[in-house]
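Structure file start-v8.cif; described as mmCIF, C-alpha atoms.
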```cif
data_upload
loop_
_atom_site.label_atom_id
_atom_site.label_comp_id
_atom_site.auth_asym_id
_atom_site.auth_seq_id
_atom_site.Cartn_x
_atom_site.Cartn_y
_atom_site.Cartn_z
CA MET A 1 17.58 24.55 19.31
CA LEU A 2 17.07 21.62 16.96
CA PRO A 3 15.05 18.66 18.33
CA LYS A 4 17.02 15.63 19.46
CA GLN A 5 17.49 12.93 16.84
CA TYR A 6 16.70 9.27 17.43
CA LEU A 7 17.00 5.98 15.60
CA LEU A 8 13.76 4.10 14.85
CA LEU A 9 12.80 0.90 13.06
CA SER A 10 10.70 1.11 9.91
CA LEU A 11 9.08 -1.54 7.71
CA ALA A 12 10.52 -0.89 4.26
CA GLU A 13 7.65 -2.56 2.39
CA HIS A 14 4.64 -1.58 4.50
CA GLY A 15 1.66 -2.28 2.25
CA SER A 16 -0.55 0.64 3.25
CA ALA A 17 2.34 3.09 3.12
CA LEU A 18 3.24 1.98 -0.41
CA LEU A 19 -0.38 2.23 -1.58
CA GLU A 20 -0.82 5.70 -0.10
CA HIS A 21 2.37 6.93 -1.70
CA ARG A 22 1.34 5.46 -5.05
CA ASP A 23 -2.18 6.89 -4.94
CA HIS A 24 -1.50 10.28 -3.38
CA GLY A 25 2.12 11.14 -4.15
CA GLY A 26 4.22 13.65 -2.27
CA PRO A 27 7.27 12.89 -0.12
CA ALA A 28 7.54 9.22 0.82
CA THR A 29 8.34 10.29 4.40
CA LEU A 30 4.67 11.24 4.86
CA TYR A 31 3.69 7.58 4.79
CA ILE A 32 6.45 5.86 6.76
CA ARG A 33 5.38 3.58 9.63
CA TYR A 34 7.61 3.05 12.67
CA LEU A 35 7.70 0.25 15.24
CA ASN A 36 5.88 0.94 18.52
CA ILE A 37 5.93 -0.88 21.86
CA ASP A 38 3.01 -3.10 20.79
CA GLY A 39 5.00 -4.40 17.84
CA ARG A 40 2.80 -2.49 15.38
CA TRP A 41 3.78 -0.12 12.59
CA ALA A 42 2.53 3.37 13.40
CA VAL A 43 2.63 6.83 11.88
CA HIS A 44 3.25 8.33 15.30
CA GLY A 45 3.44 7.34 18.92
CA SER A 46 0.84 7.87 21.61
CA LEU A 47 0.75 7.68 25.39
CA HIS A 48 -0.53 4.07 25.34
CA ALA A 49 1.65 3.00 22.39
CA PRO A 50 4.80 5.13 22.03
CA LEU A 51 7.30 4.54 19.24
CA LEU A 52 10.44 2.60 20.11
CA VAL A 53 13.62 4.64 19.71
CA TRP A 54 17.34 4.28 20.17
CA ASP A 55 19.81 7.04 21.01
CA MET A 56 22.11 8.04 18.17
CA SER A 57 25.00 6.46 20.12
CA GLN A 58 23.17 3.08 20.03
CA ALA A 59 23.41 2.53 16.27
CA SER A 60 24.78 -1.02 16.61
CA SER A 61 21.98 -1.97 19.02
CA ALA A 62 19.36 -0.52 16.70
CA GLN A 63 20.80 -2.39 13.74
CA ALA A 64 20.81 -5.64 15.68
CA ALA A 65 17.16 -5.04 16.61
CA ALA A 66 16.33 -4.43 12.94
CA GLN A 67 17.97 -7.72 11.99
CA THR A 68 16.04 -9.58 14.69
CA ALA A 69 12.76 -8.01 13.55
CA SER A 70 13.51 -8.76 9.88
CA LYS A 71 14.21 -12.41 10.63
CA ALA A 72 11.16 -12.83 12.87
CA ARG A 73 8.75 -11.14 10.49
CA GLY A 74 10.24 -12.33 7.21
CA ARG A 75 10.24 -8.77 5.89
CA ALA A 76 12.95 -6.11 5.60
CA VAL A 77 13.10 -3.81 8.63
CA GLN A 78 15.42 -0.84 8.42
CA VAL A 79 16.92 1.70 10.81
CA MET A 80 15.95 5.32 10.19
CA THR A 81 16.86 8.65 11.78
CA ARG A 82 14.14 11.06 12.77
CA SER A 83 13.56 14.01 15.08
CA ASP A 84 10.39 15.78 16.16
CA SER A 85 10.11 18.78 18.48
CA SER A 86 6.81 17.44 19.87
CA TRP A 87 8.32 14.18 21.10
CA GLU A 88 8.67 13.57 24.82
CA GLU A 89 10.34 10.43 26.13
CA GLY A 90 7.81 8.30 27.97
CA ARG A 91 4.92 9.72 25.98
CA GLN A 92 5.24 9.74 22.17
CA ILE A 93 8.48 7.73 22.27
CA ARG A 94 10.16 5.18 24.54
CA VAL A 95 13.84 4.27 24.56
CA PHE A 96 14.21 0.58 23.77
CA SER A 97 15.10 -1.80 26.59
CA THR A 98 15.18 -5.59 26.91
CA SER A 99 11.58 -5.49 28.23
CA ASN A 100 10.49 -4.38 24.75
CA GLY A 101 12.11 -7.34 23.00
CA ALA A 102 8.79 -9.02 22.17
CA ALA A 103 7.84 -6.02 20.01
CA LEU A 104 10.60 -6.97 17.58
CA LEU A 105 9.05 -10.40 16.99
CA GLY A 106 5.45 -9.44 16.19
CA HIS A 107 2.46 -7.41 17.27
CA VAL A 108 0.46 -7.84 20.44
CA ALA A 109 -2.80 -9.61 19.57
CA GLN A 110 -6.02 -7.62 20.05
CA GLY A 111 -9.07 -9.11 21.69
CA GLU A 112 -11.90 -9.98 19.31
CA ALA A 113 -14.22 -7.35 20.78
CA LYS A 114 -11.60 -4.62 20.53
CA ALA A 115 -10.74 -5.56 16.95
CA ARG A 116 -14.43 -5.34 15.96
CA ARG A 117 -14.83 -1.98 17.69
CA LEU A 118 -11.74 -0.55 16.04
CA ARG A 119 -12.86 -1.74 12.61
CA LEU A 120 -16.34 -0.20 13.02
CA GLU A 121 -14.95 3.10 14.27
CA THR A 122 -12.48 3.20 11.39
CA GLU A 123 -15.25 2.52 8.87
CA LYS A 124 -17.14 5.48 10.33
CA LEU A 125 -14.00 7.62 10.26
CA GLU A 126 -13.44 6.93 6.57
CA ALA A 127 -17.11 7.31 5.61
CA TYR A 128 -17.57 10.56 7.50
CA CYS A 129 -14.33 11.99 6.13
CA THR A 130 -15.47 11.15 2.60
CA VAL A 131 -18.80 12.88 3.19
CA VAL A 132 -17.25 16.01 4.70
CA ARG A 133 -14.63 16.26 1.95
CA ALA A 134 -17.29 15.97 -0.74
CA ALA A 135 -19.50 18.57 0.93
CA THR A 136 -16.59 20.96 1.39
CA ALA A 137 -15.73 20.68 -2.31
CA ALA A 138 -19.30 21.52 -3.44
CA GLU A 139 -19.22 24.49 -5.81
CA ASP A 140 -22.67 25.86 -4.98
CA HIS A 141 -25.79 25.28 -2.91
CA THR A 142 -27.33 22.97 -5.51
CA ALA A 143 -24.26 20.74 -5.54
CA PHE A 144 -24.14 20.75 -1.72
CA ALA A 145 -27.82 19.74 -1.52
CA THR A 146 -27.22 16.88 -3.96
CA ILE A 147 -24.22 15.67 -1.95
CA SER A 148 -26.19 15.97 1.30
CA ARG A 149 -29.03 13.80 0.00
CA ALA A 150 -26.64 11.17 -1.35
CA ALA A 151 -24.68 11.18 1.91
CA ALA A 152 -27.82 10.74 4.01
CA THR A 153 -28.89 7.76 1.88
CA ALA A 154 -25.48 6.10 1.99
CA LEU A 155 -24.95 6.67 5.71
CA HIS A 156 -28.43 5.37 6.53
CA ALA A 157 -27.75 2.21 4.57
CA LYS A 158 -24.38 1.62 6.25
CA PHE A 159 -24.84 2.94 9.79
CA GLY A 160 -28.58 3.46 10.19
CA GLY A 161 -28.47 7.24 9.82
CA GLY A 162 -26.27 10.27 9.35
CA SER A 163 -25.81 13.58 7.59
CA VAL A 164 -23.07 16.02 6.56
CA SER A 165 -23.36 18.03 9.78
CA ALA A 166 -23.53 14.91 11.96
CA SER A 167 -20.44 13.53 10.20
CA SER A 168 -18.54 16.75 10.87
CA SER A 169 -19.58 16.76 14.54
CA TRP A 170 -18.51 13.12 14.98
CA LEU A 171 -15.10 13.76 13.42
CA ALA A 172 -14.54 16.81 15.62
CA GLY A 173 -15.66 15.03 18.76
CA LYS A 174 -14.06 12.54 21.12
CA LYS A 175 -14.98 9.46 19.06
CA GLY A 176 -13.56 10.92 15.86
CA ARG A 177 -10.28 11.89 17.48
CA ALA A 178 -10.01 8.46 19.15
CA ALA A 179 -10.62 6.69 15.83
CA MET A 180 -7.98 8.80 14.11
CA ASP A 181 -5.50 8.16 16.91
CA SER A 182 -6.08 4.39 16.57
CA VAL A 183 -5.16 4.63 12.89
CA LEU A 184 -2.10 6.77 13.55
CA ALA A 185 -0.97 4.39 16.28
CA GLY A 186 -1.13 1.44 13.89
CA GLU A 187 -3.91 -0.38 15.76
CA VAL A 188 -6.05 -0.55 12.61
CA GLU A 189 -5.50 0.23 8.93
CA LEU A 190 -7.53 2.39 6.57
CA THR A 191 -9.15 0.35 3.80
CA GLY A 192 -10.71 3.09 1.64
CA PRO A 193 -9.28 5.51 -0.93
CA LEU A 194 -8.29 8.23 1.54
CA SER A 195 -4.72 8.55 2.78
CA ILE A 196 -3.87 9.05 6.43
CA GLN A 197 -2.86 12.63 5.62
CA GLN A 198 -6.24 13.29 4.04
CA VAL A 199 -8.01 11.88 7.08
CA VAL A 200 -5.96 14.06 9.42
CA GLU A 201 -6.67 17.15 7.28
CA THR A 202 -10.40 16.40 7.21
CA VAL A 203 -10.63 15.91 10.97
CA GLU A 204 -8.82 19.23 11.49
CA HIS A 205 -11.23 20.89 9.06
CA ALA A 206 -14.19 19.43 10.95
CA LYS A 207 -12.81 20.68 14.26
CA GLU A 208 -12.40 24.17 12.81
CA ALA A 209 -15.94 24.09 11.40
CA GLU A 210 -17.35 23.03 14.77
CA ARG A 211 -15.44 25.82 16.54
CA HIS A 212 -16.81 28.33 14.04
CA ARG A 213 -20.34 26.96 14.45
CA ALA A 214 -20.10 27.18 18.25
CA SER A 215 -18.90 30.80 18.18
CA SER A 216 -21.48 32.04 15.65
#
```
Take the structure in this file and express it as structure tokens.
Amino acid sequence: MLPKQYLLLSLAEHGSALLEHRDHGGPATLYIRYLNIDGRWAVHGSLHAPLLVWDMSQASSAQAAAQTASKARGRAVQVMTRSDSSWEEGRQIRVFSTSNGAALLGHVAQGEAKARRLRLETEKLEAYCTVVRAATAAEDHTAFATISRAAATALHAKFGGGSVSASSSWLAGKKGRAAMDSVLAGEVELTGPLSIQQVVETVEHAKEAERHRASS
């Protein structure tokens, strides 16, 4: 059985999505951001910030919501159709109701402390992903050793310490997954050269490496 289709709102000119598509190529659908209940543009929904959806029979309501959001934000918001077999109403997605009207007008402001924490965790996420990707691409032991020394120096300067193995463990652990989820949920944007897809792939690689290390 095919997954149920829904209507969602998308920001046509989302800056990060356009940059990722330009720099990394591939289908544009990989980079699309959708509106969630916090009024943010997210790659996917989560339990605390599901994506807003409309039933396929509510096309006129979805279009009206897109027009309201476009006017409020001064940027083109469009209606898109999407389905995903992993979606569950009330978890990854939430059917739009009048109580979600504020999300059309703008995003919910984050507290200063939360914003700082999210930015720091995202900086670690990007740095550790870069280190792990470089180490994984090393062609031989000499190249790996060179990368390891450079990584240790850079991580010490930025975060007070770190290594290739510590980076992999962090990505595979609770903090790494939480940082990635914050990016996917649109709470914070990546600022480095990696795309969201590359970050997701690297975290999955780190998790697999940690599982292999634990079983060996």
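Proximity to Asp38 in chain A was assessed for A:Ala76, A:Ala145, A:Leu155, A:Ala185 counting only C-alpha atoms; the smallest distance is recorded for A:Ala185.
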List the neighbours of Arg117 in chain A out to 12 Å using only C-alpha atoms; skip same-chain residues closer than 2 positions along the sequence, and give me the result as a count of residues only.
18
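With the shown file loaded, the PyMOL selection byres ((chain A and resi 88-105) around 6) picks out A:Ile37, A:Asp38, A:Gly39, A:Gly45, A:Ser46, A:Leu47, A:Pro50, A:Leu51, A:Leu52, A:Val53, A:Trp54, A:Ala69, A:Ala72, A:Trp87, A:Gly106.
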I need the residues from that last selection saved to file as a PDB file, keeping the file's coordinate frame (with C-alpha atoms), if you can.
```pdb
ATOM      1  CA  ILE A  37       5.930  -0.880  21.860  1.00  0.00           C
ATOM      2  CA  ASP A  38       3.010  -3.100  20.790  1.00  0.00           C
ATOM      3  CA  GLY A  39       5.000  -4.400  17.840  1.00  0.00           C
ATOM      4  CA  GLY A  45       3.440   7.340  18.920  1.00  0.00           C
ATOM      5  CA  SER A  46       0.840   7.870  21.610  1.00  0.00           C
ATOM      6  CA  LEU A  47       0.750   7.680  25.390  1.00  0.00           C
ATOM      7  CA  PRO A  50       4.800   5.130  22.030  1.00  0.00           C
ATOM      8  CA  LEU A  51       7.300   4.540  19.240  1.00  0.00           C
ATOM      9  CA  LEU A  52      10.440   2.600  20.110  1.00  0.00           C
ATOM     10  CA  VAL A  53      13.620   4.640  19.710  1.00  0.00           C
ATOM     11  CA  TRP A  54      17.340   4.280  20.170  1.00  0.00           C
ATOM     12  CA  ALA A  69      12.760  -8.010  13.550  1.00  0.00           C
ATOM     13  CA  ALA A  72      11.160 -12.830  12.870  1.00  0.00           C
ATOM     14  CA  TRP A  87       8.320  14.180  21.100  1.00  0.00           C
ATOM     15  CA  GLY A 106       5.450  -9.440  16.190  1.00  0.00           C
TER      16      GLY A 106
END
```
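Here CA of Gly74 in chain A is placed at a distance of 20.2 Å from CA of Glu189 in chain A.
Counting from CA of Lys207 in chain A, the distance to CA of Ala138 in chain A is 18.9 Å.
From CA of Ser86 in chain A back to CA of Glu201 in chain A, the distance works out to 18.4 Å.
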With the PyMOL selection byres ((chain A and resi 148) around 12) as the selection, what would be picked from this file? Answer as number ranges by chain, please.
A: 128, 130-136, 138, 141-147, 149-155, 162-167
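If you apply the PyMOL selection byres ((chain A and resi 192) around 12) to this structure, you end up with Ser16, Leu19, Glu20, Asp23, Thr122, Glu123, Lys124, Leu125, Glu126, Ala127, Tyr128, Cys129, Thr130, Glu189, Leu190, Thr191, Pro193, Leu194, Ser195, Ile196, Gln198 and Val199 of chain A.
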Would you list the contacts of Ser57 in chain A as a ChimeraX atom specification, taking every protein, DNA or RNA residue within 12 Å and counting all atoms listed in the file, but skipping same-chain residues closer than 6 positions in sequence?
/A:5-7,63,81
For Arg213 in chain A, work out the shell of residues within 12 Å, counting only C-alpha atoms and skipping chain neighbours fewer than 3 positions away, then give it as a PyMOL selection string.
chain A and resi 165+168-169+172+206-210+216
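Using all atoms listed in the file, the smallest distance between any of A:Leu118, A:Leu171, A:Met80, A:Ala109 and Ser10 in chain A comes from A:Met80.
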With all atoms listed in the file as the basis for distance, which of A:Met56, A:Ile32, A:Ala42, A:Val108 is at the shortest distance from Lys4 in chain A?
A:Met56
Rank A:Ala49, A:Leu8, A:Phe159, A:Pro3 by their smallest atom-to-atom distance to Asp84 in chain A, using only C-alpha atoms, and report the top residue only.
A:Pro3
